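A.B. asks: Enclosed is the structure file final-v5.tsv (TSV, C-alpha atoms).
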chain	number	residue	atom	x	y	z
A	1	MET	CA	15.16	-72.73	24.68
A	2	GLN	CA	14.15	-72.44	28.30
A	3	VAL	CA	16.55	-70.93	30.83
A	4	ARG	CA	16.20	-69.37	34.24
A	5	ILE	CA	17.28	-65.71	34.47
A	6	ASN	CA	17.34	-64.01	37.86
A	7	GLY	CA	15.00	-66.64	39.20
A	8	GLU	CA	12.47	-66.44	36.37
A	9	GLN	CA	11.85	-69.02	33.67
A	10	ARG	CA	12.35	-67.46	30.21
A	11	GLU	CA	12.39	-68.47	26.57
A	12	ILE	CA	15.49	-67.30	24.67
A	13	PRO	CA	16.88	-68.12	21.19
A	14	ASP	CA	19.08	-71.22	20.97
A	15	GLY	CA	22.86	-71.02	21.02
A	16	LEU	CA	23.32	-67.53	22.46
A	17	THR	CA	26.64	-66.55	23.99
A	18	VAL	CA	26.55	-64.52	27.21
A	19	ALA	CA	27.35	-61.39	25.17
A	20	ALA	CA	24.49	-62.15	22.77
A	21	LEU	CA	22.12	-62.83	25.66
A	22	LEU	CA	22.91	-59.44	27.20
A	23	GLY	CA	22.30	-57.84	23.81
A	24	HIS	CA	19.03	-59.76	23.48
A	25	LEU	CA	17.94	-58.47	26.90
A	26	GLY	CA	19.13	-54.92	26.16
A	27	VAL	CA	21.61	-54.92	29.03
A	28	LYS	CA	24.92	-53.04	28.90
A	29	ALA	CA	27.67	-55.56	29.61
A	30	GLN	CA	30.01	-53.14	31.35
A	31	ARG	CA	27.45	-52.49	34.10
A	32	VAL	CA	26.68	-56.06	35.06
A	33	ALA	CA	28.25	-59.29	36.24
A	34	VAL	CA	26.97	-62.62	35.00
A	35	GLU	CA	26.88	-65.97	36.70
A	36	VAL	CA	25.89	-69.16	34.89
A	37	ASN	CA	25.09	-72.17	37.05
A	38	ASP	CA	26.70	-70.61	40.14
A	39	SER	CA	29.99	-69.68	38.40
A	40	VAL	CA	30.97	-66.18	37.32
A	41	VAL	CA	31.49	-65.79	33.57
A	42	THR	CA	34.11	-63.03	33.40
A	43	LYS	CA	33.77	-60.30	30.79
A	44	ASP	CA	36.61	-61.70	28.69
A	45	ARG	CA	34.54	-64.89	28.25
A	46	HIS	CA	31.19	-63.24	27.45
A	47	GLY	CA	31.81	-63.68	23.73
A	48	SER	CA	32.72	-67.34	23.92
A	49	HIS	CA	30.59	-68.83	26.71
A	50	ARG	CA	27.46	-70.36	25.21
A	51	ILE	CA	24.21	-70.65	27.15
A	52	ALA	CA	22.65	-74.11	27.23
A	53	ALA	CA	19.01	-75.07	27.71
A	54	GLY	CA	18.16	-75.29	31.39
A	55	ASP	CA	20.98	-73.01	32.52
A	56	SER	CA	20.44	-70.87	35.57
A	57	ILE	CA	21.70	-67.35	34.93
A	58	GLU	CA	22.16	-64.48	37.35
A	59	ILE	CA	22.69	-60.95	36.05
A	60	VAL	CA	23.64	-58.53	38.82
A	61	ALA	CA	24.62	-54.91	39.24
A	62	PHE	CA	25.71	-52.59	42.04
A	63	VAL	CA	22.98	-50.93	44.07
A	64	GLY	CA	23.16	-48.64	47.07
A	65	GLY	CA	24.23	-50.39	50.27
A	66	GLY	CA	26.13	-49.97	53.50
B	1	MET	CA	54.15	-36.92	57.00
B	2	ALA	CA	50.53	-37.47	56.04
B	3	ASP	CA	48.46	-39.48	58.50
B	4	THR	CA	47.39	-42.32	56.24
B	5	TRP	CA	46.19	-45.88	56.75
B	6	SER	CA	46.44	-48.90	54.51
B	7	VAL	CA	44.57	-52.07	53.75
B	8	GLY	CA	45.89	-54.52	51.19
B	9	LYS	CA	47.70	-52.46	48.58
B	10	HIS	CA	45.40	-49.49	49.11
B	11	THR	CA	46.40	-46.42	51.12
B	12	PHE	CA	43.87	-43.83	52.23
B	13	THR	CA	43.93	-40.44	53.93
B	14	SER	CA	40.25	-40.19	54.84
B	15	ARG	CA	39.24	-42.25	57.85
B	16	LEU	CA	35.54	-42.11	57.08
B	17	LEU	CA	34.06	-44.79	54.86
B	18	VAL	CA	30.46	-44.32	53.77
B	19	GLY	CA	27.62	-46.38	52.39
B	20	THR	CA	25.38	-45.60	49.43
B	21	GLY	CA	22.09	-47.07	50.69
B	22	LYS	CA	18.90	-45.42	51.94
B	23	TYR	CA	19.36	-42.00	50.28
B	24	ARG	CA	16.22	-40.25	49.14
B	25	ASP	CA	17.76	-39.70	45.69
B	26	PHE	CA	21.06	-39.99	43.84
B	27	PRO	CA	21.87	-36.24	43.72
B	28	THR	CA	21.63	-36.03	47.53
B	29	MET	CA	23.80	-39.12	47.83
B	30	LYS	CA	26.47	-37.69	45.57
B	31	GLN	CA	26.55	-34.41	47.49
B	32	ALA	CA	26.79	-36.29	50.79
B	33	LEU	CA	29.58	-38.53	49.48
B	34	LEU	CA	31.56	-35.47	48.45
B	35	ALA	CA	30.88	-33.65	51.73
B	36	SER	CA	32.03	-36.69	53.73
B	37	GLY	CA	35.48	-36.56	52.15
B	38	ALA	CA	35.36	-40.36	52.01
B	39	GLU	CA	37.66	-42.20	49.63
B	40	VAL	CA	35.93	-45.54	50.05
B	41	VAL	CA	32.23	-46.18	49.46
B	42	THR	CA	30.34	-49.39	50.03
B	43	VAL	CA	27.92	-50.80	47.47
B	44	ALA	CA	25.69	-53.87	47.38
B	45	VAL	CA	25.32	-56.50	44.66
B	46	ARG	CA	21.78	-57.32	43.56
B	47	ARG	CA	19.89	-58.88	40.67
B	48	LEU	CA	19.38	-56.45	37.82
B	49	ASP	CA	15.71	-55.62	37.32
B	50	LEU	CA	15.33	-56.64	33.67
B	51	SER	CA	12.00	-54.86	33.38
B	52	LYS	CA	13.54	-51.48	34.17
B	53	LYS	CA	15.86	-50.88	31.27
B	54	GLY	CA	17.71	-47.60	31.06
B	55	GLU	CA	17.22	-46.76	34.72
B	56	ALA	CA	19.90	-44.51	36.23
B	57	SER	CA	22.80	-46.55	37.45
B	58	LEU	CA	24.21	-46.02	40.94
B	59	LEU	CA	27.75	-45.91	39.56
B	60	GLU	CA	27.01	-42.78	37.56
B	61	TRP	CA	26.44	-40.98	40.86
B	62	ILE	CA	29.56	-42.12	42.67
B	63	PRO	CA	32.48	-39.73	42.09
B	64	LYS	CA	35.07	-41.47	39.92
B	65	GLN	CA	37.97	-41.01	42.33
B	66	MET	CA	36.25	-43.08	45.03
B	67	THR	CA	37.21	-46.69	45.69
B	68	LEU	CA	34.30	-49.14	45.65
B	69	LEU	CA	33.94	-51.58	48.51
B	70	PRO	CA	31.34	-54.19	47.46
B	71	ASN	CA	29.55	-55.83	50.37
B	72	THR	CA	27.87	-59.18	50.84
B	73	ALA	CA	24.96	-57.71	52.80
B	74	ALA	CA	21.91	-59.91	53.35
B	75	CYS	CA	23.90	-63.10	52.79
B	76	PHE	CA	22.90	-65.62	55.42
B	77	ASP	CA	25.51	-68.29	54.85
B	78	ALA	CA	29.14	-68.53	53.80
B	79	GLU	CA	28.37	-69.93	50.38
B	80	GLU	CA	26.03	-67.06	49.42
B	81	ALA	CA	28.54	-64.52	50.70
B	82	ILE	CA	31.35	-66.10	48.67
B	83	ARG	CA	29.24	-66.07	45.49
B	84	THR	CA	28.28	-62.45	46.07
B	85	ALA	CA	31.89	-61.45	46.72
B	86	ARG	CA	32.96	-63.04	43.43
B	87	LEU	CA	30.21	-61.19	41.55
B	88	GLY	CA	31.21	-57.96	43.29
B	89	ARG	CA	34.80	-58.42	42.16
B	90	GLU	CA	33.64	-59.04	38.59
B	91	LEU	CA	31.52	-55.87	38.75
B	92	GLY	CA	34.00	-53.58	40.42
B	93	MET	CA	37.27	-54.99	39.11
B	94	GLY	CA	38.72	-54.53	42.60
B	95	ASP	CA	39.96	-56.95	45.22
B	96	LEU	CA	38.25	-55.38	48.26
B	97	VAL	CA	35.23	-56.96	49.86
B	98	LYS	CA	33.23	-56.01	52.92
B	99	LEU	CA	32.31	-59.49	54.05
B	100	GLU	CA	28.99	-59.91	55.83
B	101	VAL	CA	27.45	-63.20	56.83
B	102	ILE	CA	24.30	-62.39	58.72
B	103	GLY	CA	22.97	-64.69	61.41
B	104	ASP	CA	19.74	-63.05	62.47
B	105	ARG	CA	17.18	-60.98	60.55
B	106	ARG	CA	16.03	-58.84	63.43
B	107	THR	CA	19.39	-57.74	64.81
B	108	LEU	CA	21.48	-58.35	61.67
B	109	PHE	CA	24.17	-59.66	63.98
B	110	PRO	CA	26.86	-61.59	62.16
B	111	ASP	CA	27.01	-65.37	62.00
B	112	VAL	CA	30.61	-65.48	63.11
B	113	GLU	CA	31.07	-69.16	62.28
B	114	GLY	CA	30.00	-68.59	58.66
B	115	LEU	CA	32.00	-65.37	58.58
B	116	VAL	CA	35.29	-67.04	59.46
B	117	ALA	CA	34.60	-69.90	57.01
B	118	ALA	CA	33.84	-67.48	54.16
B	119	ALA	CA	36.85	-65.32	55.01
B	120	LYS	CA	39.19	-68.30	54.67
B	121	VAL	CA	37.91	-69.11	51.18
B	122	LEU	CA	38.00	-65.51	49.95
B	123	VAL	CA	41.50	-64.83	51.32
B	124	LYS	CA	42.72	-67.87	49.35
B	125	GLU	CA	41.12	-66.41	46.22
B	126	GLY	CA	43.11	-63.21	46.61
B	127	PHE	CA	40.43	-60.96	48.06
B	128	VAL	CA	41.32	-58.19	50.52
B	129	VAL	CA	38.73	-59.17	53.10
B	130	LEU	CA	37.22	-56.63	55.50
B	131	PRO	CA	34.79	-58.57	57.68
B	132	TYR	CA	31.85	-56.95	59.45
B	133	THR	CA	31.91	-58.71	62.80
B	134	ASN	CA	30.62	-58.67	66.32
B	135	ASP	CA	32.56	-56.75	68.97
B	136	ASP	CA	33.99	-60.05	70.15
B	137	PRO	CA	37.77	-60.18	70.62
B	138	VAL	CA	37.96	-63.96	70.06
B	139	THR	CA	36.19	-63.74	66.70
B	140	ALA	CA	38.40	-60.78	65.78
B	141	ARG	CA	41.46	-62.92	66.42
B	142	LYS	CA	40.07	-65.80	64.36
B	143	LEU	CA	39.39	-63.43	61.45
B	144	GLU	CA	42.89	-62.07	61.67
B	145	ASP	CA	44.30	-65.60	61.75
B	146	ALA	CA	42.18	-66.40	58.67
B	147	GLY	CA	44.11	-63.71	56.80
B	148	CYS	CA	41.62	-60.83	56.84
B	149	ALA	CA	43.21	-57.51	55.90
B	150	ALA	CA	41.23	-55.63	58.56
B	151	ILE	CA	38.65	-56.26	61.26
B	152	MET	CA	35.37	-54.32	61.34
B	153	PRO	CA	33.56	-54.78	64.64
B	154	LEU	CA	30.16	-53.18	65.06
B	155	GLY	CA	29.56	-50.35	67.49
B	156	ALA	CA	25.88	-51.34	67.68
B	157	PRO	CA	23.40	-53.08	65.32
B	158	ILE	CA	23.34	-51.90	61.69
B	159	GLY	CA	21.19	-48.81	61.25
B	160	SER	CA	20.37	-48.60	64.97
B	161	GLY	CA	22.20	-45.35	65.69
B	162	LEU	CA	22.86	-46.58	69.23
B	163	GLY	CA	26.50	-45.51	69.19
B	164	ILE	CA	29.47	-47.38	70.62
B	165	ARG	CA	27.78	-49.80	73.03
B	166	ASN	CA	30.84	-51.68	74.23
B	167	PRO	CA	33.93	-49.50	74.13
B	168	TYR	CA	35.75	-51.94	76.41
B	169	ASN	CA	35.43	-54.83	73.98
B	170	LEU	CA	36.59	-52.53	71.19
B	171	ARG	CA	39.60	-51.57	73.32
B	172	ILE	CA	40.47	-55.23	73.80
B	173	ILE	CA	40.14	-55.88	70.05
B	174	LEU	CA	42.26	-52.82	69.29
B	175	GLU	CA	44.92	-53.80	71.79
B	176	ALA	CA	45.36	-57.27	70.27
B	177	ALA	CA	44.87	-56.66	66.55
B	178	LYS	CA	47.83	-56.39	64.18
B	179	VAL	CA	45.59	-55.45	61.26
B	180	PRO	CA	43.57	-52.21	61.00
B	181	VAL	CA	40.39	-52.13	63.08
B	182	LEU	CA	37.48	-50.13	61.67
B	183	VAL	CA	34.27	-49.53	63.57
B	184	ASP	CA	31.42	-50.48	61.23
B	185	ALA	CA	27.75	-49.88	62.07
B	186	GLY	CA	25.92	-48.35	64.98
B	187	VAL	CA	27.02	-44.73	64.67
B	188	GLY	CA	24.11	-42.35	65.18
B	189	THR	CA	25.70	-38.94	65.35
B	190	ALA	CA	29.02	-37.15	65.19
B	191	SER	CA	30.08	-37.80	68.79
B	192	ASP	CA	29.74	-41.57	68.22
B	193	ALA	CA	32.20	-41.35	65.34
B	194	ALA	CA	34.57	-39.30	67.48
B	195	VAL	CA	34.37	-41.87	70.29
B	196	ALA	CA	35.27	-44.68	67.87
B	197	MET	CA	38.29	-42.75	66.66
B	198	GLU	CA	39.36	-41.74	70.17
B	199	LEU	CA	39.40	-45.42	71.11
B	200	GLY	CA	41.99	-45.93	68.36
B	201	ALA	CA	39.99	-47.29	65.46
B	202	VAL	CA	41.81	-46.55	62.20
B	203	ALA	CA	38.55	-45.56	60.54
B	204	VAL	CA	34.76	-45.59	60.83
B	205	LEU	CA	32.26	-46.94	58.33
B	206	MET	CA	28.67	-45.67	58.34
B	207	ASN	CA	25.64	-45.34	56.13
B	208	THR	CA	22.30	-44.74	57.88
B	209	ALA	CA	23.56	-41.99	60.20
B	210	ILE	CA	24.25	-39.83	57.15
B	211	ALA	CA	21.66	-41.09	54.65
B	212	GLU	CA	18.72	-40.81	57.04
B	213	ALA	CA	19.73	-37.61	58.81
B	214	ARG	CA	17.31	-34.75	58.17
B	215	GLU	CA	20.11	-33.01	56.26
B	216	PRO	CA	22.37	-35.76	54.89
B	217	VAL	CA	24.92	-33.42	53.35
B	218	LEU	CA	25.35	-31.43	56.57
B	219	MET	CA	25.62	-34.65	58.57
B	220	ALA	CA	28.25	-35.97	56.16
B	221	GLU	CA	30.27	-32.83	56.85
B	222	ALA	CA	29.77	-33.27	60.62
B	223	MET	CA	30.97	-36.87	60.39
B	224	ARG	CA	34.02	-35.86	58.42
B	225	GLU	CA	34.96	-33.34	61.11
B	226	ALA	CA	34.13	-35.70	63.98
B	227	VAL	CA	36.31	-38.46	62.56
B	228	ALA	CA	39.16	-36.02	62.03
B	229	ALA	CA	38.74	-34.59	65.56
B	230	GLY	CA	38.56	-38.04	67.13
B	231	ARG	CA	41.69	-39.10	65.29
B	232	LYS	CA	43.59	-36.03	66.46
B	233	ALA	CA	42.46	-36.56	70.06
B	234	PHE	CA	43.64	-40.17	69.87
B	235	LEU	CA	47.05	-39.09	68.57
B	236	ALA	CA	47.26	-36.28	71.13
B	237	GLY	CA	46.61	-38.62	74.06
B	238	ARG	CA	43.77	-37.75	76.39
B	239	ILE	CA	44.27	-36.98	80.10
B	240	PRO	CA	43.33	-39.71	82.56
B	241	MET	CA	39.92	-39.37	84.22
B	242	LYS	CA	40.13	-38.22	87.85
B	243	LEU	CA	37.44	-38.23	90.50
B	244	HIS	CA	38.35	-34.84	91.97
B	245	ALA	CA	39.22	-31.41	90.62
B	246	SER	CA	42.64	-30.31	89.52
B	247	ALA	CA	42.73	-26.51	89.35
B	248	SER	CA	43.66	-24.90	86.08
B	249	SER	CA	44.45	-21.53	87.69
B	250	PRO	CA	47.09	-21.03	90.41
B	251	MET	CA	45.69	-21.52	93.92
B	252	THR	CA	48.21	-18.98	95.37
B	253	GLY	CA	48.72	-15.22	94.93
B	254	LEU	CA	45.05	-14.40	95.24
B	255	VAL	CA	44.14	-10.78	95.95
B	256	GLY	CA	43.60	-10.09	99.62
B	257	SER	CA	45.51	-13.19	100.71
Represent the structure contained in this file as structure tokens.
C.D. replies:
Amino acid sequence: MQVRINGEQREIPDGLTVAALLGHLGVKAQRVAVEVNDSVVTKDRHGSHRIAAGDSIEIVAFVGGG
Amino acid sequence: MADTWSVGKHTFTSRLLVGTGKYRDFPTMKQALLASGAEVVTVAVRRLDLSKKGEASLLEWIPKQMTLLPNTAACFDAEEAIRTARLGRELGMGDLVKLEVIGDRRTLFPDVEGLVAAAKVLVKEGFVVLPYTNDDPVTARKLEDAGCAAIMPLGAPIGSGLGIRNPYNLRIILEAAKVPVLVDAGVGTASDAAVAMELGAVAVLMNTAIAEAREPVLMAEAMREAVAAGRKAFLAGRIPMKLHASASSPMTGLVGS
């Protein structure tokens, strides 16, 4: 299915949870925060929140800043 | 008794807060962070680059004992800043946020209207809000009324190194505020940090002055000492400025008199 991840259109397998999506992308969950359609999906919900076609997903991490 | 300061439920001894941006590499940053003696370090929240898997993570280079202060840098409206603050909390598991709502790309001056609006929302959500603001006493009061845990007026534009451009406004903010006032941005060298502390700021936050110094680690050490010296001078109480001399040695009993 088509979703938008960090501003880019991508094809991902159907029915992934947030945890499965991070695994699919090879991202370590403890280092990132995930937002789906403008709402944070907290780590305790990564295993249960399912991604739907057309979702807009942001995956962020800390970087250097002042 | 130790000379500490508090914000929210956090109590700190160091009065120097430092950023993690603009360093030439992570090892230099880590050394500078340690040399600064800071207990609080600011970090930014950005999209993960999904094409660069396995890249060194910033967090691995921040000493574990340090408290993270996520910022909302480069957010140009309240809504963006609120979203970023929520993501920062999810990332850092802490309640602190350095709230920035920027109003102008060239000066990076705050959009104080958006700042107050965002502060109100985040305070309601349980954040300990430390807003980066202009050196305007009226805005400072509004931020305090909105429930901010501290006020962080700028000394000069971010990264400018111009020093404390309006000490009188800072004095007015300091005189009125019931929450801690930290000077955030504008410091160029050690004397600027000392001036901020001598005015009565509870702490100073800086990034560029250390990160872009020729020797960041040495500058971090200088800043640590300047902040400590400025704090002591503030507590000691400086003498008033006088136009004319006041002799330090007796004027009587001179030889041959």
A.B. asks: Each residue of chain A with at least one atom at most 9 Å from chain B should appear once, together with its nearest atom pair and the corresponding distance in Å (one decimal); atoms considered: only C-alpha atoms; ordering: chain, then increasing residue number; output as CSV.
C.D. replies:
residue,atom,partner,partner_atom,distance
A:Asn6,CA,B:Arg47,CA,6.4
A:Leu25,CA,B:Leu50,CA,7.5
A:Gly26,CA,B:Lys53,CA,7.3
A:Val27,CA,B:Lys53,CA,7.4
A:Gln30,CA,B:Leu91,CA,8.0
A:Arg31,CA,B:Leu91,CA,7.0
A:Val32,CA,B:Leu91,CA,6.1
A:Ala33,CA,B:Leu91,CA,5.4
A:Val34,CA,B:Leu87,CA,7.4
A:Glu35,CA,B:Leu87,CA,7.6
A:Asp38,CA,B:Arg83,CA,7.5
A:Ser39,CA,B:Arg83,CA,8.0
A:Val40,CA,B:Leu87,CA,6.6
A:Val41,CA,B:Glu90,CA,8.7
A:Thr42,CA,B:Glu90,CA,6.6
A:Lys43,CA,B:Glu90,CA,7.9
A:Glu58,CA,B:Arg47,CA,6.9
A:Ile59,CA,B:Arg47,CA,5.8
A:Val60,CA,B:Arg47,CA,4.2
A:Ala61,CA,B:Leu48,CA,5.6
A:Phe62,CA,B:Val45,CA,4.7
A:Val63,CA,B:Ala44,CA,5.2
A:Gly64,CA,B:Gly21,CA,4.1
A:Gly65,CA,B:Gly21,CA,4.0
A:Gly66,CA,B:Gly19,CA,4.0
A.B. asks: Would you mind reading off the distance between CA of Leu130 in chain B and CA of Val217 in chain B, one decimal, in Å?
C.D. replies: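 Pair CA of Leu130 in chain B / CA of Val217 in chain B returns 26.4 Å.
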A.B. asks: Kindly extract all protein, DNA and RNA residues lying within 8 Å of the coordinates (30.3, -46.0, 63.1) given in the file, considering only C-alpha atoms, and supply them as a short mmCIF file (atom, residue, chain, number, x, y, z; two decimals) with C-alpha atoms, in the frame of the given file.
C.D. replies:
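Result saved to part_8.cif:
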data_model
loop_
_atom_site.label_atom_id
_atom_site.label_comp_id
_atom_site.auth_asym_id
_atom_site.auth_seq_id
_atom_site.Cartn_x
_atom_site.Cartn_y
_atom_site.Cartn_z
CA LEU B 154 30.16 -53.18 65.06
CA GLY B 155 29.56 -50.35 67.49
CA GLY B 163 26.50 -45.51 69.19
CA ILE B 164 29.47 -47.38 70.62
CA VAL B 183 34.27 -49.53 63.57
CA ASP B 184 31.42 -50.48 61.23
CA ALA B 185 27.75 -49.88 62.07
CA GLY B 186 25.92 -48.35 64.98
CA VAL B 187 27.02 -44.73 64.67
CA GLY B 188 24.11 -42.35 65.18
CA ASP B 192 29.74 -41.57 68.22
CA ALA B 193 32.20 -41.35 65.34
CA ALA B 196 35.27 -44.68 67.87
CA VAL B 204 34.76 -45.59 60.83
CA LEU B 205 32.26 -46.94 58.33
CA MET B 206 28.67 -45.67 58.34
#
A.B. asks: Point out the residue among B:Thr13, B:Asn169, B:Gln31, B:Ser246 with the least atom-to-atom distance to Pro216 in chain B, counting only C-alpha atoms.
C.D. replies: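 Among the listed residues, B:Gln31 lies closest to Pro216 in chain B.
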A.B. asks: At what distance in Å, to one decimal, does CA of His10 in chain B lie from CA of Ala35 in chain B?
C.D. replies: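 Distance reported for this atom pair: 21.6 Å.
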A.B. asks: Work out how far CA of Glu79 in chain B is from CA of Pro110 in chain B, in Å to one decimal.
C.D. replies: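 Taking CA of Pro110 in chain B as the start and CA of Glu79 in chain B as the end point, the length is 14.5 Å.
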